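Right, one structure below, let's go through it.
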Amino acid sequence: MKPSHILASVCRVLFPFILIFGFYIIIHGHLSPGGGFQGGAILATAFLTTYFINFKKITDLNFLIKMEKIFFLIILLIAMFSLITKGEVFTSFLPTNSELKPIFLITLNFFIGIKVASGLISIIATFIEEGRN
Amino acid sequence: MKIIYLLEILLIIFLIFIIISKNNLKLIVFFSASSLVSASIYLFLDSPDLALAEVAIGSAIIPLIFIIAISKQRKFLVINNTAFDNERIEYCIYDILKEFTDLYNLKLEIQDSEYDELYGIFRSKNVDLVIEKKKDKYILKGKKTSILMNKLEDMTKGKKDIKVVKVIEGETYD
């Protein structure tokens with residue numbers, strides 16, 4: 001499976017723009033449509049175009065799977081952090097009537113986005129790597 | 001006429017094409033197009049969140065998984081479970097299998113009987129066909145889910161000493 005030069009060149013041009021668009025949807029997720037999951041899926045498609053550029057790009061599959069688990073634990077820790085400040089779980093750990101209100105949503109969206117992206121990349125990388133000799 | 005009715009008609013046409021078409025690659029392209037149309041329908045029905053997820057997953061990631069799964073099948077692995085070795089089998093079945101694999105551009109590979117004990121996705125070799133012999137009758141065992149088996153059954157319909165059996169493969173055998 002060797003892609004043509006036109007496909008590789010177009011993917012090289014498109015790669016940073018898809019990356020920026022994915023991060024925009026993740027970070028702007030509390031104001032506009034989208035959020036962690038949708039932005040993470042777009043980030044995953046951005047990384048999948050690297051398979052058309054250089055076929056042996058993703059080599060360390062175990063690192064991706066490990067990173068996904070670590071980010072899942074981080075999400076749970078951020079959600080549990082309000083137990084210390086407010087005394088109940090899964091709410092914002094900052095006072096809600098101040099200007100610092102969206103910080104909780106932005107951090108949670110960011111980590112959810114990276115977790116979803118690494119999970120989808122590892123799924124498709126497993127599909128590609130399996131049975132290849 | 002509202003544009004959403006036009007999009008719905010287009011979506012129905014794409015879905016009918018998916019059901020009718022026999023070529024796998026065409027089917028994937030139609031699947032991708034239909035999910036793009038359904039994403040625009042979601043946008044007109046005031047749910048842009050869902051439209052974003054549908055564009056990213058339905059039209060990029062799922063067709064890519066399908067394309068990878070199609071391009072994986074490159075060889076046709078046959079396990080020879082009869083008492084004869086590979087030279088002897090050549091007289092009766094080898095010609096049929098060779099003609100069959102040339103039809104689909106696959107690479108024929110015949111091995112002696114050495115089954116792996118693992119089943120499911122953890123099995124290292126994906127066996128396509130098993131040849132056994134019972135009372136002057138060759139029995140070809142294959143998976144029921146594979147589309148290739150229907151064609152093989154058609155090709156061996158005239159031969160009297162060859163019988164094709166389709167096996168339902170479960171997830172695990174324990």
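Residues in the structure tokens are named by chain (A, B, ... in the order shown) and by number from 1 within that chain; ligands are numbered from 1 in the order shown.
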
What are the DSSP alpha helix (DSSP H) residues of segment 2-88 of chain A, as number ranges by chain? A: 5-27, 36-48, 50-53, 61-80, 82-85

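Closest to Ala125 of chain A among B:Ala33, B:Met155, B:Ile68, B:Val165 is B:Ile68, based on only C-alpha atoms.
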
Option closest in space to chain B, from A:Phe21, A:Phe37, A:Phe111, A:Phe104 [counting only C-alpha atoms]: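 Under the stated criterion, the closest residue is A:Phe37.
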
Against chain A, which residues of chain B fall within 9 Å? For each one I want the closest pair of atoms and the distance in Å (one decimal), counting only C-alpha atoms, rows by chain and increasing residue number, as JSON lines.
{"residue": "B:Ser47", "atom": "CA", "partner": "A:Pro33", "partner_atom": "CA", "distance": 8.5}
{"residue": "B:Pro48", "atom": "CA", "partner": "A:Pro33", "partner_atom": "CA", "distance": 6.0}
{"residue": "B:Asp49", "atom": "CA", "partner": "A:Gly34", "partner_atom": "CA", "distance": 5.1}
{"residue": "B:Leu50", "atom": "CA", "partner": "A:Gly34", "partner_atom": "CA", "distance": 8.2}
{"residue": "B:Leu52", "atom": "CA", "partner": "A:Gln38", "partner_atom": "CA", "distance": 6.2}
{"residue": "B:Ala53", "atom": "CA", "partner": "A:Gln38", "partner_atom": "CA", "distance": 5.0}
{"residue": "B:Glu54", "atom": "CA", "partner": "A:Gln38", "partner_atom": "CA", "distance": 8.7}
{"residue": "B:Val55", "atom": "CA", "partner": "A:Ile42", "partner_atom": "CA", "distance": 8.8}
{"residue": "B:Ala56", "atom": "CA", "partner": "A:Ile42", "partner_atom": "CA", "distance": 5.6}
{"residue": "B:Ile57", "atom": "CA", "partner": "A:Ala41", "partner_atom": "CA", "distance": 6.6}
{"residue": "B:Ala60", "atom": "CA", "partner": "A:Thr45", "partner_atom": "CA", "distance": 6.9}
{"residue": "B:Ile61", "atom": "CA", "partner": "A:Thr45", "partner_atom": "CA", "distance": 6.9}
{"residue": "B:Leu64", "atom": "CA", "partner": "A:Ile124", "partner_atom": "CA", "distance": 8.4}
{"residue": "B:Ile65", "atom": "CA", "partner": "A:Ile124", "partner_atom": "CA", "distance": 6.8}
{"residue": "B:Ile68", "atom": "CA", "partner": "A:Ile128", "partner_atom": "CA", "distance": 6.6}
{"residue": "B:Ala69", "atom": "CA", "partner": "A:Phe127", "partner_atom": "CA", "distance": 7.8}
{"residue": "B:Ser71", "atom": "CA", "partner": "A:Met1", "partner_atom": "CA", "distance": 8.7}
{"residue": "B:Lys72", "atom": "CA", "partner": "A:Gly131", "partner_atom": "CA", "distance": 8.1}
{"residue": "B:Ser124", "atom": "CA", "partner": "A:Gly131", "partner_atom": "CA", "distance": 8.1}
{"residue": "B:Lys125", "atom": "CA", "partner": "A:Gly131", "partner_atom": "CA", "distance": 8.7}

Would you save the residues from that selection as a PDB file, in the first residue's frame, using C-alpha atoms?
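For reference, out_28.pdb as written:
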ATOM      1  CA  SER B  47     -28.103  19.972  16.429  1.00  0.00           C
ATOM      2  CA  PRO B  48     -24.642  21.126  15.308  1.00  0.00           C
ATOM      3  CA  ASP B  49     -22.981  19.093  18.067  1.00  0.00           C
ATOM      4  CA  LEU B  50     -24.131  15.834  16.546  1.00  0.00           C
ATOM      5  CA  LEU B  52     -19.632  17.609  14.061  1.00  0.00           C
ATOM      6  CA  ALA B  53     -19.355  14.133  15.556  1.00  0.00           C
ATOM      7  CA  GLU B  54     -20.997  12.572  12.498  1.00  0.00           C
ATOM      8  CA  VAL B  55     -18.607  14.342  10.105  1.00  0.00           C
ATOM      9  CA  ALA B  56     -15.535  13.299  12.068  1.00  0.00           C
ATOM     10  CA  ILE B  57     -16.486   9.698  12.807  1.00  0.00           C
ATOM     11  CA  ALA B  60     -13.636   9.655   8.033  1.00  0.00           C
ATOM     12  CA  ILE B  61     -12.858   7.029  10.651  1.00  0.00           C
ATOM     13  CA  LEU B  64     -10.984   4.070   6.880  1.00  0.00           C
ATOM     14  CA  ILE B  65     -11.508   1.028   9.120  1.00  0.00           C
ATOM     15  CA  ILE B  68      -8.158  -1.369   5.983  1.00  0.00           C
ATOM     16  CA  ALA B  69     -10.268  -4.471   6.601  1.00  0.00           C
ATOM     17  CA  SER B  71      -7.145  -4.509   1.942  1.00  0.00           C
ATOM     18  CA  LYS B  72      -6.062  -7.022   4.594  1.00  0.00           C
ATOM     19  CA  SER B 124      -1.950 -16.078  14.973  1.00  0.00           C
ATOM     20  CA  LYS B 125      -3.107 -17.573  11.661  1.00  0.00           C
TER      21      LYS B 125
END

Name all residues at most 12 Å from Ile28 of chain B (count only C-alpha atoms; drop same-chain ones fewer than 3 positions away) and give them as a VMD selection string. chain B and resid 14 to 15 17 to 19 21 to 25 31 to 35 58 to 70

Please identify all polymer residues within 12 Å of Val13 of chain A, counting only C-alpha atoms, omitting same-chain residues fewer than 6 positions from it, and present them as a PyMOL selection string. chain A and resi 6-7+19+46+49-50+53

If we count only C-alpha atoms and set the cut-off at 9 Å, which residues sit around Ile106 of chain A, ignoring sequence neighbours fewer than 3 positions away in its own chain? Please answer as a PDB file with N, CA and C atoms, in the first residue's frame.
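Heads up, here's the output in selection.pdb:
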ATOM      1  N   ILE A  26     -11.952  21.964  20.699  1.00  0.00           N
ATOM      2  CA  ILE A  26     -11.823  21.506  22.092  1.00  0.00           C
ATOM      3  C   ILE A  26     -11.824  22.686  23.057  1.00  0.00           C
ATOM      4  N   ILE A  27     -11.000  23.697  22.780  1.00  0.00           N
ATOM      5  CA  ILE A  27     -10.813  24.763  23.765  1.00  0.00           C
ATOM      6  C   ILE A  27     -11.999  25.730  23.772  1.00  0.00           C
ATOM      7  N   HIS A  28     -12.658  25.883  22.624  1.00  0.00           N
ATOM      8  CA  HIS A  28     -13.811  26.771  22.546  1.00  0.00           C
ATOM      9  C   HIS A  28     -15.114  26.031  22.827  1.00  0.00           C
ATOM     10  N   GLY A  29     -15.012  24.831  23.388  1.00  0.00           N
ATOM     11  CA  GLY A  29     -16.171  23.957  23.451  1.00  0.00           C
ATOM     12  C   GLY A  29     -17.253  24.415  24.401  1.00  0.00           C
ATOM     13  N   HIS A  30     -16.920  25.257  25.407  1.00  0.00           N
ATOM     14  CA  HIS A  30     -17.949  25.655  26.350  1.00  0.00           C
ATOM     15  C   HIS A  30     -18.798  26.797  25.815  1.00  0.00           C
ATOM     16  N   PRO A 102     -15.373  29.355  33.710  1.00  0.00           N
ATOM     17  CA  PRO A 102     -15.142  28.377  32.637  1.00  0.00           C
ATOM     18  C   PRO A 102     -13.841  27.602  32.736  1.00  0.00           C
ATOM     19  N   ILE A 103     -12.999  27.879  33.729  1.00  0.00           N
ATOM     20  CA  ILE A 103     -11.706  27.189  33.778  1.00  0.00           C
ATOM     21  C   ILE A 103     -11.891  25.682  33.968  1.00  0.00           C
ATOM     22  N   ASN A 109     -12.541  19.651  29.252  1.00  0.00           N
ATOM     23  CA  ASN A 109     -12.667  19.422  27.811  1.00  0.00           C
ATOM     24  C   ASN A 109     -11.329  19.072  27.181  1.00  0.00           C
ATOM     25  N   PHE A 110     -10.281  19.753  27.620  1.00  0.00           N
ATOM     26  CA  PHE A 110      -8.945  19.512  27.042  1.00  0.00           C
ATOM     27  C   PHE A 110      -8.501  18.077  27.286  1.00  0.00           C
ATOM     28  N   PHE A 111      -8.630  17.627  28.551  1.00  0.00           N
ATOM     29  CA  PHE A 111      -8.166  16.263  28.835  1.00  0.00           C
ATOM     30  C   PHE A 111      -9.051  15.213  28.169  1.00  0.00           C
TER      31      PHE A 111
END

Rounded to one decimal place, report the atom CA of Phe44 of chain B-atom CA of Ile3 of chain B distance in Å.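 So the two atoms, atom CA of Phe44 of chain B and atom CA of Ile3 of chain B, lie 9.0 Å apart.
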